[in-house]
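Here is the structure we will look at.
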Amino acid sequence: MNDSRYLDNPAQKNTQQQNFSPAFLHQIINGISDPIFVKDRQHRWVLLNDRYCDFVGHSREELIGKSDYDFFPQVEADVFRKIDELVFTTNITNENQHLFTDAQGITHLISTKKSCFQDDTGNQFLVGSIRDIILQNEVGKVQDVTGRVTDTTDLRETLKELKVVEEELRQQNEELAIARETAEIKHRRYRDLFDLAPDAYLVTDLAGIIKEANYIAAALLSVRQKFLVGKPFILFIAESGRQTFTNQLANLQQVQDWEIELQPRRSTAFPARIKMVAMYNSQGQQVGWRWLLHDISEQQATLHNRQQAEKDLHRLNAVLQAQQEASIDGILIIDENLTVTSSNQKFSQLWQIPVALIQKGDDRQLVQWVLDKLVNPDEFMAKVDYLYQHPEESSRDEIFLKSGKIFERYSAPVRKQQEADDEISPLGDYYGRIWYFRDITEYKQAEAELRTSQQRLALLIEQTPLAIIEWNTNFEIQTWNRAAERIFGYTAEEMLGNSFEIVVPENARKHVNEIITALLTEQGGSFSVNENITKDGRTMVCEWYNNSLVAPDGQVIGVASMVLDITERKQAKEALLKSEAQLRQQAEELKVALYELQHTQTHLIQTEKMSSLGQLVAGVAHEINNPVNFIYGNLTPAKEYTQDLLSLLQLYQNNYPEPVLEIQDFAERIELDFLKSDFPQIISSMKVGADRIRDIVLSLRTFSRLDEAEMKAVDIHEGIDSTLMILQNRLKGNNQRPTIEIIKEYGKLPLVECYAGQLNQVFMNILSNAIDALEESFVICHLSLGNNSKQRTNYKALMTSPTICIRTQLQQPNQVTIRITDNGLGIPEDVKKQLFDPFFTTKPIGQGTGMGLAISYQIITEKHGGSLECLSQPGQGAEFVIKIPLIQHPST
């Protein structure tokens, strides 16, 4: 409850502020035997006494301006900083215990007390003191009192002032003097070590306004001493007790003693005992009250602990009674006067004692009931008499009943529990004897069965086909069964007492020694496969199952091993593994061959398809070309003839402006003026159509490249343009999307050596996929944007138009790069990983075979020695990058 930042120096009675020099402060804190330190708000040391420097093992020059992290381990520094920050932020004194490592690396258990205070400018500082727990144990209870004083107040001056106050209170009220005297008696044994710190006291007027307060009262109420003066005392009374406080002020009794809860300014409420004494002036008039405040939190806690201890005692008795009843043993307790004091139900059940006999409480009849069931009652009573004549002894034996049952009997004296240094008094602390009876009939039967089992186990060890070998801690063989004789060829007489190394080849002894050593030093088991040598020099392979033999005290006393000869099995397994490896290799070879066959078959089918398509395209182009050439060749003369006829008609109109009525009617019926203006346009349109047909035929011939089946140097721009011409119909806009814009950024490329027809096939596959991607993106956008199918949004939510960009460039002296980019939805990463796998497609069934990009990849990488890769992110379109050599290597 005390907080050092509210402790004013009681010697400072004047109002003038005193400023002390750093040298004076050093002198004050150096006079304190405990390590003292002061930190600023940045957790850096600003003031230290010599004892602190000696304690941490560093000089003042090393420590000033540094923090805990510069000298202490990270874990300890983290704890110190956390507590320091808590004191800074809450302004509550902290007392705690920590582990501390000094400069010599020695770890101490220390007790620290840390408080916060502010100077006149509002700067916060932390003052801390350290007490070594070892030193605290030596001075004992003195530490409980001195630990509450951590400031640098002159305690002697404080003691003088407190004695004056005590004298005044003693003169005013005899009852208060008795209380003070009692306190003096309680603390007299500590006065040689420290000064007395009395309870807090206040002086108020009749209205309860505080006129004076000592520094203990200020600390108790968590305020500074000067803050209390002039404040109503009721401000520091908890809300629940303020009415009581008001009633006590109105009471005319000179001395009042009562309990109430005090409410400190920055802390939680706590119970306190208040003694208020009336103050009178020289005229006998009451002028105020003297208040003696005492924190009774610990007293209430002590009362609570006492009540808790009584409750725990009742609980312990109940637990002991429950344990007695829950015991598997029959329990009988007889006091020092040989009178039965208690027994549990198990005791009655074991001896089959009637309930009436137990309730009757006749000890003689009870003993006679027990004796009647025994085979040898005289021996039973002789043991009982002996134990009562020797009360300090304990006993354990077995007794036999006429029913065939066997009981284990254990008896021990009941005496006061002795401390470690106390001498045992067999008579003075003897309270009787406790008897335990346990039915061990089944245990004895099991013990007999165990002996029989051990005999069977011995026969099993001798007759098992496994070699059973036991080693001691010196690696000497202790057990060697018949199977070991058969496997290794040595008899038991030859092996017992000898080292096991006789059956271990030289190259395996180091490994076997490591296994045996580990088994002798660590509890557990091991399994190993080792080579061993038989008596006739034959090498064999054995499985060894080893396990440590552990005594009841936990010591390893040897190793037990079971050995199985697996030489034939090992050879068979090696042969099987070799056969399996050959089969796996054949399976892998067949798998590779099957994959290559499927790949070749797919490529042949696609090649045949493209060859047939090329022949079909070339045939169609040839068949269309002949009539188109006929039409195109006659368009020019037809246009000339048309101009001549129209000129002749114009001459007739000029020379015969008034033709006959039949000619006028016919001219009006055929709309002669419109015919004259529209007929030349028809001829021009026919020429444009013929040109278009010629371009299409040329593109079909260029795409098919029937005359370029072998590798030759070609203009790849022509191949791209011919592919775009064939796809022109798909590029046009429809009700689902606008026209796809083609952006050509052709670089200056020389002729490129390639398979022109196959390269055009690659362009066709990639461009077709780009068109599909743009159509899919605009279908999705059309569903989300309603009827607005002319625009869509890209990944930045900006409206865009469908675009395919084709870039070509000569990157290196012998490398041509073709980039085909669309601004579609992009390709997810999981799809991109499988993009060039055969038969992989994201299109619905019937709309794609999954072979286009796979064959394109094969054409670029295998046929042209280049590379084909896809760069794409979802929402940012896709880019296919084709890289092929400008001039093919002869081996390509």
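We label chains A, B, ... in the order they appear in the structure tokens, count residues from 1 in each chain, and number ligands from 1 in the order shown.
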
| query | Got a sec: who's within 8 Å of Glu261 (chain A), counting only C-alpha atoms, leaving out chain neighbours fewer than 4 positions off, as a list of chain:residue names? | reply |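 Everything that qualifies: A:Ile237, A:Ala238, A:Ser240, A:Gly241, A:Ala269, A:Phe270, A:Pro271, A:Ala272.
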
| What gap, in Å, lies between CA of Asn49 (chain A) and CA of Gln74 (chain A)? |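 The value is 24.2 Å.
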
| Any idea what the distance is between CA of Leu597 (chain A) and CA of Gln761 (chain A)? |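 Taking CA of Leu597 (chain A) as the start and CA of Gln761 (chain A) as the end point, the length is 22.4 Å.
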
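Among the candidate residues A:Ile92, A:Ala483, A:Val367, A:Leu206, the one lying nearest to Trp291 (chain A) is A:Leu206, with distances computed using only C-alpha atoms.
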
| request: Would you work out the distance separating CA of Val229 (chain A) from CA of Lys211 (chain A), expressed in Å to one decimal? | output: 5.2 Å

| said: Give me the residues near Glu879 (chain A) as JSON, numbers by chain, where near means some atom within 12 Å (using only C-alpha atoms) and where sequence neighbours in that chain fewer than 5 positions away do not count. | reply: {"A": [766, 767, 769, 770, 773, 803, 804, 805, 806, 807, 818, 819, 820, 821, 822, 823, 824, 825, 826, 827, 832, 868, 869, 870, 871, 872, 873, 874]}

| Selection near Asn251 (chain A), 12 Å with only C-alpha atoms, sequence-local residues under 4 positions removed, as JSON, numbers by chain | {"A": [206, 244, 245, 246, 247, 255, 256, 257, 276, 277, 278, 289]}

Those residues with N, CA and C atoms, as a short mmCIF file (atom, residue, chain, number, x, y, z; two decimals), in the first residue's frame please?
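Heads up, here's the output in again29.cif:
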```cif
data_model
loop_
_atom_site.label_atom_id
_atom_site.label_comp_id
_atom_site.auth_asym_id
_atom_site.auth_seq_id
_atom_site.Cartn_x
_atom_site.Cartn_y
_atom_site.Cartn_z
N LEU A 206 -13.08 19.92 13.14
CA LEU A 206 -14.32 19.25 13.49
C LEU A 206 -15.10 18.81 12.25
N THR A 244 -21.14 6.17 7.51
CA THR A 244 -20.60 5.82 8.83
C THR A 244 -19.61 6.87 9.29
N PHE A 245 -18.77 7.32 8.36
CA PHE A 245 -17.79 8.34 8.70
C PHE A 245 -18.48 9.63 9.19
N THR A 246 -19.53 10.04 8.50
CA THR A 246 -20.26 11.26 8.89
C THR A 246 -20.89 11.10 10.27
N ASN A 247 -21.43 9.89 10.55
CA ASN A 247 -22.03 9.65 11.86
C ASN A 247 -20.99 9.70 12.97
N VAL A 255 -13.07 9.25 22.40
CA VAL A 255 -12.26 8.23 21.73
C VAL A 255 -13.20 7.27 21.02
N GLN A 256 -12.94 7.05 19.76
CA GLN A 256 -13.76 6.13 18.97
C GLN A 256 -12.82 5.20 18.21
N ASP A 257 -13.18 3.95 18.16
CA ASP A 257 -12.36 2.93 17.48
C ASP A 257 -13.29 2.11 16.59
N MET A 276 -10.05 7.51 16.41
CA MET A 276 -10.13 8.96 16.38
C MET A 276 -10.24 9.48 17.83
N VAL A 277 -9.41 10.47 18.14
CA VAL A 277 -9.33 11.03 19.49
C VAL A 277 -9.64 12.52 19.40
N ALA A 278 -10.51 12.99 20.26
CA ALA A 278 -10.90 14.40 20.25
C ALA A 278 -9.71 15.27 20.70
N TRP A 289 -9.94 16.56 15.55
CA TRP A 289 -9.77 15.14 15.83
C TRP A 289 -8.36 14.72 15.44
#
```

| Non-local contacts of Arg81 (chain A) (12 Å; only C-alpha atoms; under 4 positions in same chain excluded) as a PyMOL selection string | chain A and resi 39+41-44+67-69+72+74-77+85-88+114+126

| said: Give me, as a VMD selection string, the residues of region 231-299 of chain A that a backbone DSSP run labels helix (DSSP H, G or I). | reply: chain A and resid 233 to 236 239 to 250 297 to 299

Mind writing the picked residues with N, CA, C and O atoms as a short mmCIF file (atom, residue, chain, number, x, y, z; two decimals), in the first residue's frame?
```
data_model
loop_
_atom_site.label_atom_id
_atom_site.label_comp_id
_atom_site.auth_asym_id
_atom_site.auth_seq_id
_atom_site.Cartn_x
_atom_site.Cartn_y
_atom_site.Cartn_z
N PHE A 233 -11.21 14.62 4.67
CA PHE A 233 -10.80 13.24 4.88
C PHE A 233 -11.79 12.27 4.23
O PHE A 233 -11.44 11.16 3.84
N ILE A 234 -13.05 12.74 4.08
CA ILE A 234 -14.08 11.84 3.53
C ILE A 234 -13.79 11.44 2.09
O ILE A 234 -14.28 10.44 1.59
N LEU A 235 -12.91 12.24 1.39
CA LEU A 235 -12.55 11.89 0.01
C LEU A 235 -11.81 10.56 -0.05
O LEU A 235 -11.80 9.91 -1.10
N PHE A 236 -11.18 10.17 1.05
CA PHE A 236 -10.38 8.95 1.06
C PHE A 236 -11.11 7.81 1.76
O PHE A 236 -10.51 6.80 2.12
N GLU A 239 -16.94 4.68 -0.81
CA GLU A 239 -18.31 5.15 -0.91
C GLU A 239 -19.22 4.44 0.08
O GLU A 239 -20.12 5.05 0.68
N SER A 240 -18.97 3.16 0.30
CA SER A 240 -19.85 2.39 1.18
C SER A 240 -19.73 2.80 2.65
O SER A 240 -20.61 2.51 3.45
N GLY A 241 -18.64 3.49 3.03
CA GLY A 241 -18.44 3.83 4.43
C GLY A 241 -18.57 5.31 4.75
O GLY A 241 -18.29 5.73 5.88
N ARG A 242 -18.95 6.11 3.79
CA ARG A 242 -18.98 7.56 4.03
C ARG A 242 -20.08 7.98 5.01
O ARG A 242 -19.90 8.90 5.79
N GLN A 243 -21.22 7.29 4.99
CA GLN A 243 -22.28 7.63 5.94
C GLN A 243 -21.84 7.32 7.37
O GLN A 243 -22.09 8.08 8.31
N THR A 244 -21.14 6.17 7.51
CA THR A 244 -20.60 5.82 8.83
C THR A 244 -19.61 6.87 9.29
O THR A 244 -19.58 7.27 10.48
N PHE A 245 -18.77 7.32 8.36
CA PHE A 245 -17.79 8.34 8.70
C PHE A 245 -18.48 9.63 9.19
O PHE A 245 -18.09 10.23 10.19
N THR A 246 -19.53 10.04 8.50
CA THR A 246 -20.26 11.26 8.89
C THR A 246 -20.89 11.10 10.27
O THR A 246 -20.86 12.01 11.11
N ASN A 247 -21.43 9.89 10.55
CA ASN A 247 -22.03 9.65 11.86
C ASN A 247 -20.99 9.70 12.97
O ASN A 247 -21.24 10.21 14.06
N GLN A 248 -19.79 9.19 12.69
CA GLN A 248 -18.75 9.19 13.70
C GLN A 248 -18.27 10.61 14.00
O GLN A 248 -17.94 10.95 15.14
N LEU A 249 -18.23 11.47 12.98
CA LEU A 249 -17.85 12.87 13.21
C LEU A 249 -18.85 13.55 14.12
O LEU A 249 -18.49 14.42 14.94
N ALA A 250 -20.12 13.18 14.00
CA ALA A 250 -21.15 13.81 14.81
C ALA A 250 -21.20 13.23 16.23
O ALA A 250 -21.85 13.79 17.11
N SER A 297 -5.42 -5.15 6.35
CA SER A 297 -5.58 -6.15 5.29
C SER A 297 -4.94 -7.47 5.69
O SER A 297 -5.50 -8.55 5.48
N GLU A 298 -3.72 -7.37 6.29
CA GLU A 298 -3.02 -8.60 6.66
C GLU A 298 -3.75 -9.31 7.79
O GLU A 298 -3.81 -10.55 7.83
N GLN A 299 -4.32 -8.56 8.73
CA GLN A 299 -5.06 -9.19 9.82
C GLN A 299 -6.27 -9.95 9.31
O GLN A 299 -6.56 -11.07 9.72
#
```

| field | 12 Å contact set for Gln352 (chain A), only C-alpha atoms, chain neighbours under 5 positions out, as a list of chain:residue names | value | A:Gly330, A:Gln345, A:Lys346, A:Phe347, A:Leu357, A:Ile358, A:Leu366, A:Trp369, A:Val370, A:Asp372, A:Lys373, A:Ser403

| Proximity to Gly554 (chain A) - best of A:Leu520, A:Leu466, A:Ile216, A:Ala508, only C-alpha atoms | A:Leu520

| field | Residue set, region 522-678 of chain A restricted to strand (DSSP E or B), as an NGL selection string | value | :A and (525-533 or 539-550 or 556-565)

Those residues with N, CA, C and O atoms, as a compact mmCIF listing (two decimals), in the first residue's frame please?
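As a result, part.txt now contains:
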```txt
# COMPACT_ATOMS: atom_id res chain seq x y z
N GLY A 525 16.08 -51.48 -25.69
CA GLY A 525 16.44 -52.60 -26.54
C GLY A 525 16.97 -52.13 -27.87
O GLY A 525 16.96 -50.94 -28.20
N SER A 526 17.48 -53.09 -28.67
CA SER A 526 18.00 -52.77 -29.99
C SER A 526 17.84 -53.99 -30.88
O SER A 526 17.69 -55.12 -30.41
N PHE A 527 17.88 -53.72 -32.18
CA PHE A 527 17.82 -54.78 -33.18
C PHE A 527 18.93 -54.52 -34.18
O PHE A 527 19.15 -53.38 -34.61
N SER A 528 19.64 -55.57 -34.55
CA SER A 528 20.71 -55.40 -35.52
C SER A 528 20.86 -56.69 -36.32
O SER A 528 20.45 -57.77 -35.88
N VAL A 529 21.45 -56.55 -37.49
CA VAL A 529 21.77 -57.69 -38.35
C VAL A 529 23.28 -57.69 -38.52
O VAL A 529 23.85 -56.72 -39.02
N ASN A 530 23.93 -58.78 -38.09
CA ASN A 530 25.39 -58.84 -38.09
C ASN A 530 25.87 -60.12 -38.75
O ASN A 530 25.16 -61.13 -38.82
N GLU A 531 27.12 -60.05 -39.22
CA GLU A 531 27.80 -61.26 -39.66
C GLU A 531 28.46 -61.93 -38.48
O GLU A 531 29.03 -61.25 -37.62
N ASN A 532 28.37 -63.26 -38.40
CA ASN A 532 28.98 -64.02 -37.32
C ASN A 532 29.77 -65.18 -37.88
O ASN A 532 29.60 -65.59 -39.04
N ILE A 533 30.67 -65.71 -37.02
CA ILE A 533 31.55 -66.81 -37.43
C ILE A 533 31.22 -68.03 -36.58
O ILE A 533 31.11 -67.95 -35.35
N THR A 539 31.03 -68.18 -42.30
CA THR A 539 30.42 -66.87 -42.05
C THR A 539 28.92 -66.94 -42.34
O THR A 539 28.51 -67.44 -43.38
N MET A 540 28.14 -66.45 -41.40
CA MET A 540 26.69 -66.46 -41.57
C MET A 540 26.14 -65.09 -41.15
O MET A 540 26.82 -64.28 -40.52
N VAL A 541 24.88 -64.87 -41.51
CA VAL A 541 24.18 -63.61 -41.18
C VAL A 541 23.10 -63.93 -40.15
O VAL A 541 22.30 -64.85 -40.35
N CYS A 542 23.11 -63.16 -39.04
CA CYS A 542 22.15 -63.40 -37.96
C CYS A 542 21.42 -62.12 -37.58
O CYS A 542 21.98 -61.01 -37.65
N GLU A 543 20.17 -62.27 -37.17
CA GLU A 543 19.40 -61.18 -36.57
C GLU A 543 19.56 -61.26 -35.06
O GLU A 543 19.37 -62.31 -34.45
N TRP A 544 19.90 -60.12 -34.45
CA TRP A 544 20.10 -60.04 -33.01
C TRP A 544 19.05 -59.12 -32.40
O TRP A 544 18.94 -57.96 -32.77
N TYR A 545 18.26 -59.67 -31.47
CA TYR A 545 17.28 -58.90 -30.71
C TYR A 545 17.83 -58.77 -29.29
O TYR A 545 17.89 -59.75 -28.54
N ASN A 546 18.28 -57.56 -28.94
CA ASN A 546 18.96 -57.33 -27.67
C ASN A 546 18.10 -56.47 -26.75
O ASN A 546 17.42 -55.54 -27.20
N ASN A 547 18.18 -56.76 -25.45
CA ASN A 547 17.45 -55.97 -24.48
C ASN A 547 18.25 -55.92 -23.17
O ASN A 547 18.83 -56.92 -22.74
N SER A 548 18.29 -54.73 -22.55
CA SER A 548 19.01 -54.56 -21.29
C SER A 548 18.30 -55.28 -20.17
O SER A 548 17.07 -55.31 -20.10
N LEU A 549 19.09 -55.88 -19.25
CA LEU A 549 18.56 -56.50 -18.04
C LEU A 549 18.74 -55.50 -16.91
O LEU A 549 19.88 -55.13 -16.56
N VAL A 550 17.62 -55.03 -16.34
CA VAL A 550 17.65 -53.95 -15.36
C VAL A 550 17.22 -54.51 -14.01
O VAL A 550 16.17 -55.15 -13.88
N VAL A 556 21.66 -51.41 -14.79
CA VAL A 556 21.76 -52.40 -15.86
C VAL A 556 22.78 -53.45 -15.43
O VAL A 556 23.95 -53.11 -15.16
N ILE A 557 22.36 -54.70 -15.36
CA ILE A 557 23.26 -55.76 -14.89
C ILE A 557 23.68 -56.70 -16.00
O ILE A 557 24.51 -57.59 -15.78
N GLY A 558 23.16 -56.51 -17.18
CA GLY A 558 23.54 -57.38 -18.28
C GLY A 558 22.68 -57.15 -19.49
O GLY A 558 21.88 -56.21 -19.55
N VAL A 559 22.85 -58.03 -20.49
CA VAL A 559 22.10 -57.94 -21.75
C VAL A 559 21.63 -59.33 -22.13
O VAL A 559 22.40 -60.30 -22.03
N ALA A 560 20.36 -59.43 -22.55
CA ALA A 560 19.81 -60.68 -23.06
C ALA A 560 19.61 -60.54 -24.56
O ALA A 560 19.08 -59.53 -25.03
N SER A 561 20.05 -61.56 -25.31
CA SER A 561 19.95 -61.50 -26.77
C SER A 561 19.28 -62.76 -27.28
O SER A 561 19.50 -63.86 -26.76
N MET A 562 18.45 -62.57 -28.31
CA MET A 562 17.88 -63.69 -29.07
C MET A 562 18.43 -63.60 -30.48
O MET A 562 18.39 -62.53 -31.11
N VAL A 563 18.97 -64.74 -30.98
CA VAL A 563 19.69 -64.75 -32.25
C VAL A 563 19.00 -65.73 -33.19
O VAL A 563 18.64 -66.85 -32.79
N LEU A 564 18.83 -65.28 -34.44
CA LEU A 564 18.21 -66.12 -35.47
C LEU A 564 19.11 -66.12 -36.69
O LEU A 564 19.52 -65.07 -37.19
N ASP A 565 19.44 -67.31 -37.19
CA ASP A 565 20.26 -67.46 -38.39
C ASP A 565 19.39 -67.17 -39.61
O ASP A 565 18.42 -67.88 -39.88
```

| query | Closest to Ala878 (chain A) among A:Asn814, A:Pro838, A:Glu829, A:Ser33, using only C-alpha atoms? | reply | A:Glu829

| task | Please identify all polymer residues within 12 Å of Gln811 (chain A), counting only C-alpha atoms, omitting same-chain residues fewer than 2 positions from it, and present them as a PyMOL selection string. | result | chain A and resi 747-749+807-809+813-819+882-886

| field | Top pick for closest residue to Ile516 (chain A), considering A:Thr636, A:Glu501, A:Ile670, A:Asn655 and counting only C-alpha atoms | value | A:Glu501

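Residue nearest Lys712 (chain A), chosen from A:Ser343, A:Gln758, A:Ser685, A:Gln389 and counting only C-alpha atoms: A:Gln758.
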